[in-house]
Amino acid sequence: MKGLPALALRHALYAKGRTVLVLLALTISMVVPLCSELLMGRYDQSMRARAAASPLLAGAEGSAFDLVLETLFFRPSDHEKVTFEFFEELSRAQKGLTIPLHLGHSMRKYPLVGTSQEYHEQRGLQPAEGHLPQLNGDVVLGATVATALGANLGDEFFSDPPRLYDLTRPAPMRLLVVGILAPTETADDGAVFTAVQTSWTLDGYYHGHRDAESLAETSPELVISEAPDRLALSGALIEDNSFSQEKAQDFHLHGEQSRLPLSSVLIFPPDAESRTILKGRINGRAGCQAVSPSAVLDDLLGIVFKIKQLLDRLGFLLSAATMALVVLVAALSLRLRQREMQTMDALGAPAGFKLRLVGLELGLIFVTAAALATGLSLLLARILPDLVTLL
Amino acid sequence: MPVPIAGSPVILAKDLEFHHQDGDFKLQVPELRLQAGETLALVGPSGCGKTTLLTLIAGTLQPIAGQLKVLGQDQIQASEAQRRDLRLRRIGMVFQEFCLLDYLSARDNVLLPLLLANQPIDESAKTKAMDLLCAVGLGSVAHRRPAALSMGERQRVAISRALLMDPTLVLADEPTGSLDFERGAEVLNLLIAACAERQASLILVTHDRTLMTKCDSVIDAQEFSAQQTSAPRDNGGAER
């Protein structure tokens, strides 16, 4: 190594405390704006891309933000539900492909999305292993979920209990992994997909148990009342908590499917005209709304970017304070090193050598801080939680 | 880089004048000559201008009048860059306070002139620095920083540093001033021997008159009236 860099490096290593202080201050002042830029850029891109791939969204009245975030990013929400009948009406209107979505359940804390095969086709979700759900109780895992759980085909997981101490809610059900999706770098990677009927089973609308008449014969104590066309069984009856092929026939619904709940309906109209007609028709109905996710996210990102502006100003102040600190340290360093500088002069160091030495030393620290800040920002941008979950 | 003509003096000063702008002190040197390989003791009480004369020769200060040629370079006409270059590459400097850099090891302190010249430190340079340290008995402590060395060891490191560039002229400003008598004599003998070995001229600033016997000639800085007082050579040589 040549003289100037060698001397600068040796002094930086010798004055460890000062070097670390300046390095930390510079790194932090760079990480804040870099990180916010990276995160915002990433979220902006991914959110807009997702919204653009979802032309129209129908759901219950209420916050359009909640409806969009719940449907597109599976963010938990207390948004009102629509009925399956609403979905059937939209399908009958023949103004484009309609996809039902049922959200609210989870498996190992990952959102469980009840939907149809068409969802996977529209989103381009291909199983890297296995196949899409075919039977009640089948699930396919997003790539991130599969990696995090270390799951393989054929593994079984229980759904999360909705409320731990609520005895009226159905017990968790055993779910079978039949597929693992290829990574897509979207919210789908962090979700578990199943059929809508499975979600309704987790709601408790569908349930399975042995045939009532055979139960009456083998366990007469479970029979509360008996009529020629009706058999009432006790609540002590233990319902099935798994969906084996043998039991699949046992799952049934006491009521009308058309009244069962859905979180929202994704609609893919063939053209702008169909979209406009459908949107107007839905918004004309009481208790419903149709929104364009892109427009809703534009509003939402407007708010998010105001926060970014605030962060940018904070970063600027931090940078100004850090630069003041660096200048102070440089000035004090020059004063403390006065004797050393005099020695260099006396020995015949070229004019400007001292300033170049101090400048190079600070430059080395600055470059190291920049490299650290870049690495740290990239790491943080990867490990920080999805912004959508924080909204 | 100026090269002195063979036989011409290493230092030639005539009617040299210097004074600080804000002080009463004035230095006047009617004539000063130093031949190649000659050792000169510059003696006198504190404040008589010994160090000032040394810094004029080194080119750190500029005279206000007269003539000053050092190693063939006219120090009055030369630019600051030329004077610095001459000092760095051809003049070895030894100071009373050693002036070692705290953050460098003894070996790297010896290599400092090369670092200041922004030259790469290759294996041959490292070997040369180690040889110089070994010659003054510091081979085993070459990795230590100055804080871990004794005063005598520090000055020996400083002498090694002064010799790294194979200087033609060595300027030593009270090199034994911070050392006890025994260590001082030891260091001085080392310095004179090293200069003699390299045929380098030496100017030794001191107010220890016992040291003047070790030099070829002695100048009392109090009597800068172009009178070079003679002193007997250590080896009994002729007076000058």
# chains A, B, ... in the order shown; residues from 1 in each chain; ligands from 1
call {"tool": "closest_atom_pairs", "arguments": {"of": "chain A", "to": "chain B", "cutoff": "10 Å", "atoms": "only C-alpha atoms", "output": "Markdown table"}}
result
| residue | atom | partner | partner_atom | distance |
| --- | --- | --- | --- | --- |
| A:Met1 | CA | B:Pro120 | CA | 5.6 |
| A:Lys2 | CA | B:Pro120 | CA | 4.2 |
| A:Gly3 | CA | B:Leu115 | CA | 3.7 |
| A:Leu4 | CA | B:Asn118 | CA | 5.8 |
| A:Pro5 | CA | B:Asn118 | CA | 8.7 |
| A:Ala6 | CA | B:Leu115 | CA | 7.7 |
| A:Leu7 | CA | B:Leu115 | CA | 7.3 |
| A:Arg10 | CA | B:Tyr103 | CA | 6.8 |
| A:His11 | CA | B:Tyr103 | CA | 6.1 |
| A:Ala12 | CA | B:Tyr103 | CA | 9.3 |
| A:Leu13 | CA | B:Tyr103 | CA | 8.7 |
| A:Tyr14 | CA | B:Tyr103 | CA | 5.8 |
| A:Ala15 | CA | B:Tyr103 | CA | 8.3 |
| A:Arg337 | CA | B:Leu101 | CA | 9.6 |
| A:Arg339 | CA | B:Cys99 | CA | 7.9 |
| A:Glu340 | CA | B:Leu101 | CA | 6.3 |
| A:Met341 | CA | B:Leu101 | CA | 9.6 |
| A:Gln342 | CA | B:Cys99 | CA | 8.8 |
| A:Thr343 | CA | B:Cys99 | CA | 6.0 |
| A:Met344 | CA | B:Leu116 | CA | 7.4 |
| A:Asp345 | CA | B:Arg84 | CA | 7.9 |
| A:Ala346 | CA | B:Thr60 | CA | 6.9 |
| A:Leu347 | CA | B:Leu88 | CA | 5.6 |
| A:Gly348 | CA | B:Arg84 | CA | 4.4 |
| A:Ala349 | CA | B:Leu116 | CA | 5.3 |
| A:Pro350 | CA | B:Arg84 | CA | 6.3 |
| A:Ala351 | CA | B:Ala81 | CA | 6.9 |
| A:Phe353 | CA | B:Leu116 | CA | 7.8 |
| A:Lys354 | CA | B:Leu116 | CA | 9.7 |
call {"tool": "write_last_selection", "arguments": {"atoms": "C-alpha atoms", "output": "PDB file, in the first residue's frame"}}
result
ATOM      1  CA  MET A   1       0.000   0.000   0.000  1.00  0.00           C
ATOM      2  CA  LYS A   2       1.245   3.498  -0.801  1.00  0.00           C
ATOM      3  CA  GLY A   3       2.170   6.039   1.834  1.00  0.00           C
ATOM      4  CA  LEU A   4      -0.910   8.204   2.089  1.00  0.00           C
ATOM      5  CA  PRO A   5      -3.539   5.462   2.301  1.00  0.00           C
ATOM      6  CA  ALA A   6      -1.281   3.386   4.553  1.00  0.00           C
ATOM      7  CA  LEU A   7      -0.886   6.250   7.024  1.00  0.00           C
ATOM      8  CA  ARG A  10      -3.132   3.053  10.375  1.00  0.00           C
ATOM      9  CA  HIS A  11      -4.317   6.194  12.113  1.00  0.00           C
ATOM     10  CA  ALA A  12      -7.980   5.233  11.635  1.00  0.00           C
ATOM     11  CA  LEU A  13      -7.264   1.851  13.223  1.00  0.00           C
ATOM     12  CA  TYR A  14      -5.192   3.423  16.010  1.00  0.00           C
ATOM     13  CA  ALA A  15      -7.884   5.976  16.950  1.00  0.00           C
ATOM     14  CA  ARG A 337      -2.405  15.870  15.591  1.00  0.00           C
ATOM     15  CA  ARG A 339       2.663  17.763  16.604  1.00  0.00           C
ATOM     16  CA  GLU A 340       2.433  14.912  14.165  1.00  0.00           C
ATOM     17  CA  MET A 341       1.769  17.397  11.374  1.00  0.00           C
ATOM     18  CA  GLN A 342       4.759  19.507  12.446  1.00  0.00           C
ATOM     19  CA  THR A 343       6.926  16.396  12.353  1.00  0.00           C
ATOM     20  CA  MET A 344       5.747  15.629   8.836  1.00  0.00           C
ATOM     21  CA  ASP A 345       6.560  19.205   7.794  1.00  0.00           C
ATOM     22  CA  ALA A 346       9.969  19.018   9.423  1.00  0.00           C
ATOM     23  CA  LEU A 347      10.757  15.777   7.629  1.00  0.00           C
ATOM     24  CA  GLY A 348       9.731  17.303   4.300  1.00  0.00           C
ATOM     25  CA  ALA A 349       6.224  16.011   3.614  1.00  0.00           C
ATOM     26  CA  PRO A 350       4.842  17.595   0.449  1.00  0.00           C
ATOM     27  CA  ALA A 351       2.631  20.655   0.923  1.00  0.00           C
ATOM     28  CA  PHE A 353       0.006  16.151   2.547  1.00  0.00           C
ATOM     29  CA  LYS A 354      -1.505  16.689   5.993  1.00  0.00           C
TER      30      LYS A 354
END
call {"tool": "residues_around", "arguments": {"residues": "stretch 376-381 of chain A", "least_positions_apart": "3", "cutoff": "12 Å", "atoms": "only C-alpha atoms", "output": "ChimeraX atom specification"}}
result
/A:27-43,368-373,384-387
call {"tool": "select_by_dssp", "arguments": {"residues": "stretch 97-270 of chain A", "states": "alpha helix (DSSP H)", "output": "list in words"}}
result
Gln117, Glu118, Tyr119, His120, Glu121, Gln122, Arg123, Ala143, Thr144, Val145, Ala146, Thr147, Ala148, Leu149, Val196, Gln197, Thr198, Ser199, Trp200, Thr201, Leu202, Asp203, Ala212, Glu213, Ser214, Leu215, Ala216, Glu217 and Thr218 of chain A
call {"tool": "atom_distance", "arguments": {"atom1": "atom CA of A:Val291", "atom2": "atom CA of A:Ala64"}}
result
7.1 Å
call {"tool": "closest_residue", "arguments": {"among": "B:Leu27, B:Leu71, B:Cys195, B:Leu40", "to": "B:Cys215", "atoms": "only C-alpha atoms"}}
result
B:Leu40
call {"tool": "atom_distance", "arguments": {"atom1": "atom CA of A:Glu156", "atom2": "atom CA of A:Pro183"}}
result
21.1 Å
call {"tool": "select_by_dssp", "arguments": {"residues": "stretch 6-140 of chain B", "states": "strand (DSSP E or B)", "output": "VMD selection string"}}
result
chain B and resid 11 to 19 26 to 34 39 to 43 65 to 70 73 to 74 91 to 94
